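Trainee: One structure, pasted below without further comment.
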Amino acid sequence: MDSLTLDQLLVFVTAVDEGSFSGASRALNRGQTAITYTMQKLEDQIGTPLFDRSAYRPTLTPTGKALLPRARRVLADVNQLRGQARGMVRGLEAEVRFGLSDMVPIAQLTPTLAAFRAEFPTVALRIVRGSFGLAESLVEGDLDLAVLVGLDLPNALDRNRLSTTDLIAVAAPSHPLAGREGPITTDMLREELQIVLTDSREAPGGRDRGVAALDSWRVTDLTTKHGLLCAGLGWGSMPEPLVAADIAAGRLVVLPVERWDGSDHLPRLDVVVAQCRERAPGPAGAALLAALIRDAGEGPGGVSR
């Protein structure tokens, strides 16, 4: 089968789709004699008939039925290769590097990502999850864009607000604070172990934000923090969307905190999509950025700088 060609496979698949050689002739704008000859050459290469020609219309033989899915796959792969090559000539990226904060549920973005896949099937998406360091990765050029919490972001980043997320204080039902009646006071929080999310790069003794307890355990990812909270080993704040199912199922309870850093509620954080001002993403990355903003309903008027 050294001389088997893509054109032969195309004629084979088209003849099946059109239901006849004459239909393939019309679909491919070729003479029927050329279609018949091409099919005969393909069958000669394979060594067995692909069509049974004993009836009025040719029908697939068992071999033809078995080879048809592979022929379709070969043609689809070649078309994808051609599309990717044309896109790269136009400057289309081979890959978009996308950062996503652990504080943002992936489910909020999957419709946008599915649409991105449909629009750019040849572009790979590398999703980097993290609680910290995404902003720095944008500045350093390791990411093309990122969805993260808009807190203390470098001035080198342009950002657009997508949504907000509320932090809530939670604990397991077995935790002492969960059994308290009425508001949870600052003094009550101070006496119980707090599970705190901390950047592993922070120097010991640095500035504490959102730490109310005298004793605390420091963790560097939300998965570990969530597990410790559900186990009843301490209390802590979590993004409300990430623990909504746990609260509904009774694995965690909301602590009605009376005061938090001088306020009567825990922070409400902006979720933004950011990019480095000095390093614009390519066509696919720019399209993903625009889609995230559009799907969030903010448009160009979102918070940016």
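We name chains A, B, ... following the order of the structure tokens; residues begin at 1 in each chain, and ligands are numbered from 1 as shown.
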What lies within 8 Å of stretch 282-286 of chain A using only C-alpha atoms, ignoring chain neighbours under 2 positions off, as an mmCIF file with N, CA and C atoms, in the first residue's frame?

Mentor:
data_model
loop_
_atom_site.group_PDB
_atom_site.id
_atom_site.type_symbol
_atom_site.label_atom_id
_atom_site.label_comp_id
_atom_site.auth_asym_id
_atom_site.auth_seq_id
_atom_site.Cartn_x
_atom_site.Cartn_y
_atom_site.Cartn_z
ATOM 1 N N GLY A 91 0.155 33.481 12.908
ATOM 2 C CA GLY A 91 0.553 33.887 14.249
ATOM 3 C C GLY A 91 -0.240 33.228 15.353
ATOM 4 N N LEU A 92 -1.102 32.248 15.025
ATOM 5 C CA LEU A 92 -1.891 31.557 16.039
ATOM 6 C C LEU A 92 -0.980 30.715 16.921
ATOM 7 N N GLU A 93 -1.195 30.797 18.231
ATOM 8 C CA GLU A 93 -0.360 30.081 19.172
ATOM 9 C C GLU A 93 -0.584 28.560 19.082
ATOM 10 N N VAL A 96 -1.961 28.062 24.690
ATOM 11 C CA VAL A 96 -2.244 29.203 25.560
ATOM 12 C C VAL A 96 -2.052 28.746 26.995
ATOM 13 N N PHE A 120 -11.027 27.114 18.559
ATOM 14 C CA PHE A 120 -9.599 26.921 18.309
ATOM 15 C C PHE A 120 -9.209 25.468 18.597
ATOM 16 N N VAL A 123 -5.434 24.619 19.105
ATOM 17 C CA VAL A 123 -4.657 25.310 20.140
ATOM 18 C C VAL A 123 -4.793 24.568 21.462
ATOM 19 N N ASP A 144 0.093 33.345 29.916
ATOM 20 C CA ASP A 144 -0.419 34.327 28.959
ATOM 21 C C ASP A 144 -1.547 35.159 29.564
ATOM 22 N N LEU A 145 -2.386 34.549 30.348
ATOM 23 C CA LEU A 145 -3.437 35.248 31.085
ATOM 24 C C LEU A 145 -3.860 34.384 32.253
ATOM 25 N N ALA A 280 1.212 41.157 25.287
ATOM 26 C CA ALA A 280 -0.154 40.818 24.883
ATOM 27 C C ALA A 280 -0.221 39.364 24.417
ATOM 28 N N LEU A 288 -9.743 34.249 23.964
ATOM 29 C CA LEU A 288 -10.178 33.699 25.249
ATOM 30 C C LEU A 288 -10.387 34.814 26.267
ATOM 31 N N LEU A 289 -9.492 35.776 26.283
ATOM 32 C CA LEU A 289 -9.632 36.925 27.182
ATOM 33 C C LEU A 289 -10.943 37.654 26.915
ATOM 34 N N ALA A 290 -11.224 37.939 25.643
ATOM 35 C CA ALA A 290 -12.459 38.645 25.287
ATOM 36 C C ALA A 290 -13.695 37.823 25.654
#

Trainee: Compile the contact shell of A:Val147 as a PyMOL selection string: residues with an atom at most 9 Å away, counting only C-alpha atoms, same-chain residues fewer than 4 positions apart removed.

Mentor: chain A and resi 98-101+104+134+162+271-274

Trainee: What does the file look like for those residues with N, CA and C atoms, as a CSV table (one decimal), in the first residue's frame?

Mentor:
chain,number,residue,atom,x,y,z
A,98,PHE,N,-2.7,29.3,30.7
A,98,PHE,CA,-3.8,29.9,31.4
A,98,PHE,C,-3.8,29.6,32.9
A,99,GLY,N,-3.6,30.7,33.8
A,99,GLY,CA,-3.6,30.5,35.2
A,99,GLY,C,-5.0,30.6,35.8
A,100,LEU,N,-5.3,29.8,36.8
A,100,LEU,CA,-6.6,29.8,37.4
A,100,LEU,C,-6.4,29.6,38.9
A,101,SER,N,-6.9,30.6,39.6
A,101,SER,CA,-6.7,30.6,41.1
A,101,SER,C,-7.6,29.5,41.7
A,104,VAL,N,-11.3,30.1,42.5
A,104,VAL,CA,-12.3,30.2,41.5
A,104,VAL,C,-12.7,28.8,41.0
A,134,LEU,N,0.4,33.3,40.7
A,134,LEU,CA,-0.1,33.4,39.3
A,134,LEU,C,0.3,34.8,38.7
A,162,LEU,N,-14.4,40.0,36.6
A,162,LEU,CA,-15.3,39.1,36.0
A,162,LEU,C,-16.5,38.9,37.0
A,271,VAL,N,-12.9,38.9,41.5
A,271,VAL,CA,-12.3,37.9,40.6
A,271,VAL,C,-12.0,38.6,39.3
A,272,VAL,N,-10.8,38.6,38.8
A,272,VAL,CA,-10.4,39.3,37.6
A,272,VAL,C,-9.7,38.4,36.6
A,273,VAL,N,-9.7,38.8,35.4
A,273,VAL,CA,-8.9,38.1,34.4
A,273,VAL,C,-7.8,39.1,34.1
A,274,ALA,N,-6.5,38.7,34.2
A,274,ALA,CA,-5.4,39.6,34.0
A,274,ALA,C,-4.4,39.2,33.0

Trainee: Find the residues of stretch 91-201 of chain A that sit at most 6 Å from stretch 230-238 of chain A; for each, write down the nearest two atoms and how far apart they are in Å, to one decimal. Count only C-alpha atoms. Sort by chain, then by number going up, and give it as a tab-separated table.

Mentor:
residue	atom	partner	partner_atom	distance
A:Leu167	CA	A:Met238	CA	5.3
A:Ile168	CA	A:Ser237	CA	5.2
A:Ala169	CA	A:Ser237	CA	4.2
A:Val170	CA	A:Gly236	CA	5.7
A:Ala171	CA	A:Trp235	CA	4.7
A:Ala172	CA	A:Gly232	CA	4.9
A:His175	CA	A:Gly232	CA	5.4
A:Leu193	CA	A:Gly234	CA	5.0
A:Gln194	CA	A:Trp235	CA	5.0
A:Ile195	CA	A:Gly236	CA	5.2

Trainee: Emit the selected residues as a PDB file, in the first residue's frame, including N, CA, C and O atoms.

Mentor:
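Final output, again.pdb:
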ATOM      1  N   LEU A 167     -15.932  35.604  51.031  1.00  0.00           N
ATOM      2  CA  LEU A 167     -15.312  34.724  52.001  1.00  0.00           C
ATOM      3  C   LEU A 167     -16.276  34.528  53.172  1.00  0.00           C
ATOM      4  O   LEU A 167     -16.922  35.479  53.615  1.00  0.00           O
ATOM      5  N   ILE A 168     -16.374  33.305  53.647  1.00  0.00           N
ATOM      6  CA  ILE A 168     -17.208  33.025  54.812  1.00  0.00           C
ATOM      7  C   ILE A 168     -16.388  32.194  55.794  1.00  0.00           C
ATOM      8  O   ILE A 168     -15.506  31.423  55.403  1.00  0.00           O
ATOM      9  N   ALA A 169     -16.646  32.371  57.078  1.00  0.00           N
ATOM     10  CA  ALA A 169     -15.981  31.583  58.109  1.00  0.00           C
ATOM     11  C   ALA A 169     -16.764  30.291  58.311  1.00  0.00           C
ATOM     12  O   ALA A 169     -17.995  30.307  58.452  1.00  0.00           O
ATOM     13  N   VAL A 170     -16.047  29.167  58.307  1.00  0.00           N
ATOM     14  CA  VAL A 170     -16.712  27.873  58.422  1.00  0.00           C
ATOM     15  C   VAL A 170     -15.949  26.974  59.390  1.00  0.00           C
ATOM     16  O   VAL A 170     -14.765  27.195  59.676  1.00  0.00           O
ATOM     17  N   ALA A 171     -16.650  25.959  59.857  1.00  0.00           N
ATOM     18  CA  ALA A 171     -16.048  24.928  60.706  1.00  0.00           C
ATOM     19  C   ALA A 171     -16.907  23.682  60.585  1.00  0.00           C
ATOM     20  O   ALA A 171     -18.046  23.733  60.109  1.00  0.00           O
ATOM     21  N   ALA A 172     -16.354  22.554  60.998  1.00  0.00           N
ATOM     22  CA  ALA A 172     -17.130  21.310  61.004  1.00  0.00           C
ATOM     23  C   ALA A 172     -18.201  21.379  62.081  1.00  0.00           C
ATOM     24  O   ALA A 172     -18.062  22.106  63.077  1.00  0.00           O
ATOM     25  N   HIS A 175     -17.026  21.082  65.631  1.00  0.00           N
ATOM     26  CA  HIS A 175     -16.096  22.081  66.178  1.00  0.00           C
ATOM     27  C   HIS A 175     -16.780  22.883  67.292  1.00  0.00           C
ATOM     28  O   HIS A 175     -17.982  23.159  67.221  1.00  0.00           O
ATOM     29  N   LEU A 193      -8.110  27.240  67.236  1.00  0.00           N
ATOM     30  CA  LEU A 193      -7.123  27.079  66.174  1.00  0.00           C
ATOM     31  C   LEU A 193      -7.708  27.504  64.822  1.00  0.00           C
ATOM     32  O   LEU A 193      -8.782  27.047  64.434  1.00  0.00           O
ATOM     33  N   GLN A 194      -6.985  28.362  64.127  1.00  0.00           N
ATOM     34  CA  GLN A 194      -7.412  28.818  62.811  1.00  0.00           C
ATOM     35  C   GLN A 194      -6.527  28.177  61.729  1.00  0.00           C
ATOM     36  O   GLN A 194      -5.302  28.114  61.869  1.00  0.00           O
ATOM     37  N   ILE A 195      -7.160  27.704  60.656  1.00  0.00           N
ATOM     38  CA  ILE A 195      -6.433  27.168  59.495  1.00  0.00           C
ATOM     39  C   ILE A 195      -6.278  28.313  58.494  1.00  0.00           C
ATOM     40  O   ILE A 195      -7.267  28.869  58.014  1.00  0.00           O
TER      41      ILE A 195
END

Trainee: Nearest to A:Gly23: which of A:Ile127, A:Ile46, A:Leu269, A:Val11 is it, counting only C-alpha atoms?

Mentor: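 Among the listed residues, A:Val11 lies closest to A:Gly23.
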
Trainee: Pick the closest to A:Thr223 from A:Leu113, A:Leu81, A:Ala178, A:Met103: which is it, counting only C-alpha atoms?

Mentor: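 For A:Thr223, the nearest of the candidates is A:Met103.
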
Trainee: Would you kindly return, as a PyMOL selection string, each protein, DNA or RNA residue with an atom no farther than 10 Å from any atom of A:Asp199, considering only C-alpha atoms and excluding same-chain residues fewer than 4 positions away?

Mentor: chain A and resi 131-133+203+218-221

Trainee: Write to file, as a PDB file, in the first residue's frame, the residues of the selection just made, with all heavy atoms.

Mentor:
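Below is the file that was written, part_23.pdb:
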ATOM      1  N   SER A 131      -2.829  28.786  44.407  1.00  0.00           N
ATOM      2  CA  SER A 131      -3.364  29.770  45.347  1.00  0.00           C
ATOM      3  C   SER A 131      -2.557  31.057  45.309  1.00  0.00           C
ATOM      4  O   SER A 131      -3.074  32.140  45.593  1.00  0.00           O
ATOM      5  CB  SER A 131      -3.355  29.194  46.776  1.00  0.00           C
ATOM      6  OG  SER A 131      -4.162  28.037  46.876  1.00  0.00           O
ATOM      7  N   PHE A 132      -1.276  30.935  44.964  1.00  0.00           N
ATOM      8  CA  PHE A 132      -0.386  32.086  44.941  1.00  0.00           C
ATOM      9  C   PHE A 132       0.535  31.983  43.714  1.00  0.00           C
ATOM     10  O   PHE A 132       0.675  30.920  43.116  1.00  0.00           O
ATOM     11  CB  PHE A 132       0.469  32.144  46.214  1.00  0.00           C
ATOM     12  CG  PHE A 132      -0.320  32.180  47.487  1.00  0.00           C
ATOM     13  CD1 PHE A 132      -0.525  31.023  48.237  1.00  0.00           C
ATOM     14  CD2 PHE A 132      -0.870  33.373  47.935  1.00  0.00           C
ATOM     15  CE1 PHE A 132      -1.252  31.052  49.411  1.00  0.00           C
ATOM     16  CE2 PHE A 132      -1.604  33.411  49.110  1.00  0.00           C
ATOM     17  CZ  PHE A 132      -1.799  32.251  49.844  1.00  0.00           C
ATOM     18  N   GLY A 133       1.151  33.104  43.375  1.00  0.00           N
ATOM     19  CA  GLY A 133       2.182  33.098  42.350  1.00  0.00           C
ATOM     20  C   GLY A 133       1.717  33.286  40.926  1.00  0.00           C
ATOM     21  O   GLY A 133       2.553  33.430  40.027  1.00  0.00           O
ATOM     22  N   ALA A 203       8.108  35.149  54.104  1.00  0.00           N
ATOM     23  CA  ALA A 203       9.070  34.960  55.196  1.00  0.00           C
ATOM     24  C   ALA A 203       8.317  34.804  56.515  1.00  0.00           C
ATOM     25  O   ALA A 203       7.292  35.447  56.744  1.00  0.00           O
ATOM     26  CB  ALA A 203      10.010  36.159  55.278  1.00  0.00           C
ATOM     27  N   ARG A 218      -0.609  26.838  59.243  1.00  0.00           N
ATOM     28  CA  ARG A 218      -0.446  27.453  57.923  1.00  0.00           C
ATOM     29  C   ARG A 218      -0.392  26.359  56.857  1.00  0.00           C
ATOM     30  O   ARG A 218       0.360  25.391  56.983  1.00  0.00           O
ATOM     31  CB  ARG A 218       0.845  28.290  57.874  1.00  0.00           C
ATOM     32  CG  ARG A 218       0.974  29.310  59.017  1.00  0.00           C
ATOM     33  CD  ARG A 218      -0.183  30.283  59.039  1.00  0.00           C
ATOM     34  NE  ARG A 218      -0.160  31.165  60.177  1.00  0.00           N
ATOM     35  CZ  ARG A 218       0.133  32.473  60.081  1.00  0.00           C
ATOM     36  NH1 ARG A 218       0.434  33.019  58.929  1.00  0.00           N
ATOM     37  NH2 ARG A 218       0.121  33.221  61.170  1.00  0.00           N
ATOM     38  N   VAL A 219      -1.184  26.528  55.826  1.00  0.00           N
ATOM     39  CA  VAL A 219      -1.190  25.599  54.693  1.00  0.00           C
ATOM     40  C   VAL A 219      -1.005  26.417  53.409  1.00  0.00           C
ATOM     41  O   VAL A 219      -1.297  27.614  53.370  1.00  0.00           O
ATOM     42  CB  VAL A 219      -2.498  24.783  54.621  1.00  0.00           C
ATOM     43  CG1 VAL A 219      -2.673  23.952  55.884  1.00  0.00           C
ATOM     44  CG2 VAL A 219      -3.710  25.690  54.423  1.00  0.00           C
ATOM     45  N   THR A 220      -0.526  25.778  52.372  1.00  0.00           N
ATOM     46  CA  THR A 220      -0.217  26.508  51.137  1.00  0.00           C
ATOM     47  C   THR A 220      -1.179  26.195  49.994  1.00  0.00           C
ATOM     48  O   THR A 220      -0.956  26.642  48.873  1.00  0.00           O
ATOM     49  CB  THR A 220       1.215  26.192  50.673  1.00  0.00           C
ATOM     50  OG1 THR A 220       1.348  24.777  50.465  1.00  0.00           O
ATOM     51  CG2 THR A 220       2.223  26.658  51.713  1.00  0.00           C
ATOM     52  N   ASP A 221      -2.242  25.440  50.280  1.00  0.00           N
ATOM     53  CA  ASP A 221      -3.228  25.173  49.229  1.00  0.00           C
ATOM     54  C   ASP A 221      -4.599  24.997  49.860  1.00  0.00           C
ATOM     55  O   ASP A 221      -4.731  24.575  51.018  1.00  0.00           O
ATOM     56  CB  ASP A 221      -2.848  23.937  48.411  1.00  0.00           C
ATOM     57  CG  ASP A 221      -2.906  22.668  49.240  1.00  0.00           C
ATOM     58  OD1 ASP A 221      -1.937  22.406  49.979  1.00  0.00           O
ATOM     59  OD2 ASP A 221      -3.926  21.977  49.167  1.00  0.00           O
TER      60      ASP A 221
END

Trainee: Would you please extract all strand (DSSP E or B) residues from stretch 3-63 of chain A, as assigned by DSSP on the backbone, and give them as a PyMOL selection string?

Mentor: chain A and resi 51-52+59-60

Trainee: Can you list every residue in stretch 65-243 of chain A that DSSP puts in alpha helix (DSSP H), as a VMD selection string?

Mentor: chain A and resid 65 to 89 110 to 119 134 to 140 186 to 190 222 to 230 240 to 243

Trainee: For A:Gly19, list every protein, DNA or RNA residue within 8 Å, evaluated using only C-alpha atoms, and leave out those in the same chain fewer than 3 positions away; present the list as a PyMOL selection string.

Mentor: chain A and resi 15-16+23-24+57-58

Trainee: What separation in Å, quoted to one decimal, exists between atom CA of A:Thr5 and atom CA of A:Gln45?

Mentor: 9.8 Å

Trainee: What's the 10 Å shell around stretch 105-110 of chain A, counting only C-alpha atoms, without same-chain residues fewer than 2 positions away, as a PyMOL selection string?

Mentor: chain A and resi 100-103+112-116+129+147+239+241-242+292+295-296

Trainee: For C-alpha atoms, I'd like the residues from the last selection saved as a PDB file, in the first residue's frame.

Mentor:
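Saved result, out_19.pdb, follows:
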ATOM      1  CA  LEU A 100      -6.587  29.806  37.404  1.00  0.00           C
ATOM      2  CA  SER A 101      -6.750  30.612  41.099  1.00  0.00           C
ATOM      3  CA  ASP A 102      -7.781  27.849  43.465  1.00  0.00           C
ATOM      4  CA  MET A 103     -10.362  30.299  44.793  1.00  0.00           C
ATOM      5  CA  THR A 112     -16.267  29.598  28.036  1.00  0.00           C
ATOM      6  CA  LEU A 113     -13.497  27.021  27.793  1.00  0.00           C
ATOM      7  CA  ALA A 114     -15.745  24.669  25.804  1.00  0.00           C
ATOM      8  CA  ALA A 115     -16.472  27.465  23.330  1.00  0.00           C
ATOM      9  CA  PHE A 116     -12.737  28.177  23.103  1.00  0.00           C
ATOM     10  CA  ARG A 129      -3.844  26.027  39.180  1.00  0.00           C
ATOM     11  CA  VAL A 147      -8.195  34.381  36.351  1.00  0.00           C
ATOM     12  CA  PRO A 239     -14.645  31.218  49.264  1.00  0.00           C
ATOM     13  CA  PRO A 241     -18.706  28.775  46.122  1.00  0.00           C
ATOM     14  CA  LEU A 242     -16.061  26.239  47.145  1.00  0.00           C
ATOM     15  CA  LEU A 292     -14.144  35.560  29.541  1.00  0.00           C
ATOM     16  CA  ASP A 295     -19.409  35.840  29.318  1.00  0.00           C
ATOM     17  CA  ALA A 296     -18.997  37.548  32.685  1.00  0.00           C
TER      18      ALA A 296
END

Trainee: Can you work out which one of A:Ile293, A:Ile184, A:Ala118, A:Ala213 has the shortest atom-to-atom distance to A:Glu258, counting only C-alpha atoms?

Mentor: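 Among the listed residues, the smallest separation from A:Glu258 belongs to A:Ile184.
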
Trainee: Here is a test: counting only C-alpha atoms, which residue of A:Arg251, A:Arg159, A:Arg180, A:Arg30 is nearest to A:Cys276?

Mentor: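 For A:Cys276, the nearest of the given residues is A:Arg159.
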
Trainee: With only C-alpha atoms as the atoms that count, which of A:Val149, A:Tyr37, A:Glu95, A:Phe12 lies nearest to A:Arg126?

Mentor: A:Glu95

Trainee: Between A:Asp17, A:Pro69, A:Leu222, A:Ser163, which is the closest to A:Gly130 once you count only C-alpha atoms?

Mentor: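 For A:Gly130, the nearest of the given residues is A:Leu222.
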
Trainee: One decimal, in Å: what's the spacing between atom CA of A:Ala156 and atom CA of A:Val139?

Mentor: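 Answer for the atom CA of A:Ala156 to atom CA of A:Val139 separation: 6.8 Å.
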